[in-house]
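Visitor: Would you mind keeping the following structure in view while I ask a few things?
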Amino acid sequence: MPAISHLFRTNLVRLVILNALLCGVYVVMASFGLLFATAPNPFSPVWPLSGVIFLALFQGGLWLWPGVFVGEMITGIWIGVPIPIEIGIAVFSTLEAVIGVALLRPLRALHLRHLGRPAV
């Protein structure tokens, strides 16, 4: 029984660290993306963060979604978006990445099978 609790703690700690790291990457990359924002509003037409977050969820797994959500919340509150609006933005930004990854995962397995490699 101690081995199971140790395994759970180890995986939980790893998950928390990865989500915190992803959250930090989100905030830093969002700051970079906001450099391209127009003067009267804090929204940017260039958002390289979407690709980075998609790749992180695609490679790291869908359980990293809390890092995306918290990173978006921190970024939105930092630039002055009202909290109720920011909650909606964070929910849909997170869903955008999660749904995209969920739709493309079967294609990844199909592609790897086609190449003769075992599907991951």
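To be explicit about the labels: the chains of the structure tokens are called A, B, and onward in the order shown, and within each one the residues are counted from 1, while ligands get numbers from 1 in the order they are shown.
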Would you please give, as a VMD selection string, all residues of stretch 40-107 of chain A that DSSP assigns to helix (DSSP H, G or I) based on the backbone?

Guide: chain A and resid 49 to 60 62 to 78 83 to 107

Visitor: Give me the residues near A:Val70 as an MDAnalysis selection string, where near means some atom within 9 Å (using only C-alpha atoms) and where sequence neighbours in that chain fewer than 4 positions away do not count.

Guide: chainID A and resid 19:20 23 26 65:66 74:75 90

Visitor: Nearest to A:Gly51: which of A:Val13, A:Leu35, A:Ala97, A:Val81 is it, counting only C-alpha atoms?

Guide: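 The shortest atom-to-atom distance to A:Gly51 comes from A:Ala97.
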
Visitor: From the set A:Phe43, A:Asn11, A:Ala102, A:Leu95, which residue has the shortest atom-to-atom contact distance to A:Gln59, counting only C-alpha atoms?

Guide: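 Checking each of A:Phe43, A:Asn11, A:Ala102, A:Leu95 against A:Gln59, counting only C-alpha atoms, the winner is A:Ala102.
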
Visitor: A:Val68, A:Val25, A:Leu34, A:Leu18: which is nearest A:Trp47, counting only C-alpha atoms?

Guide: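 Ranked by minimum distance to A:Trp47, first place goes to A:Leu34.
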
Visitor: With only C-alpha atoms as the atoms that count, which of A:Ile85, A:Val101, A:Met73, A:Val91 lies nearest to A:Ile53?

Guide: A:Val101

Visitor: Can you tell me how far atom CA of A:Leu12 sits from atom CA of A:Gly71, in Å to one decimal?

Guide: 19.1 Å
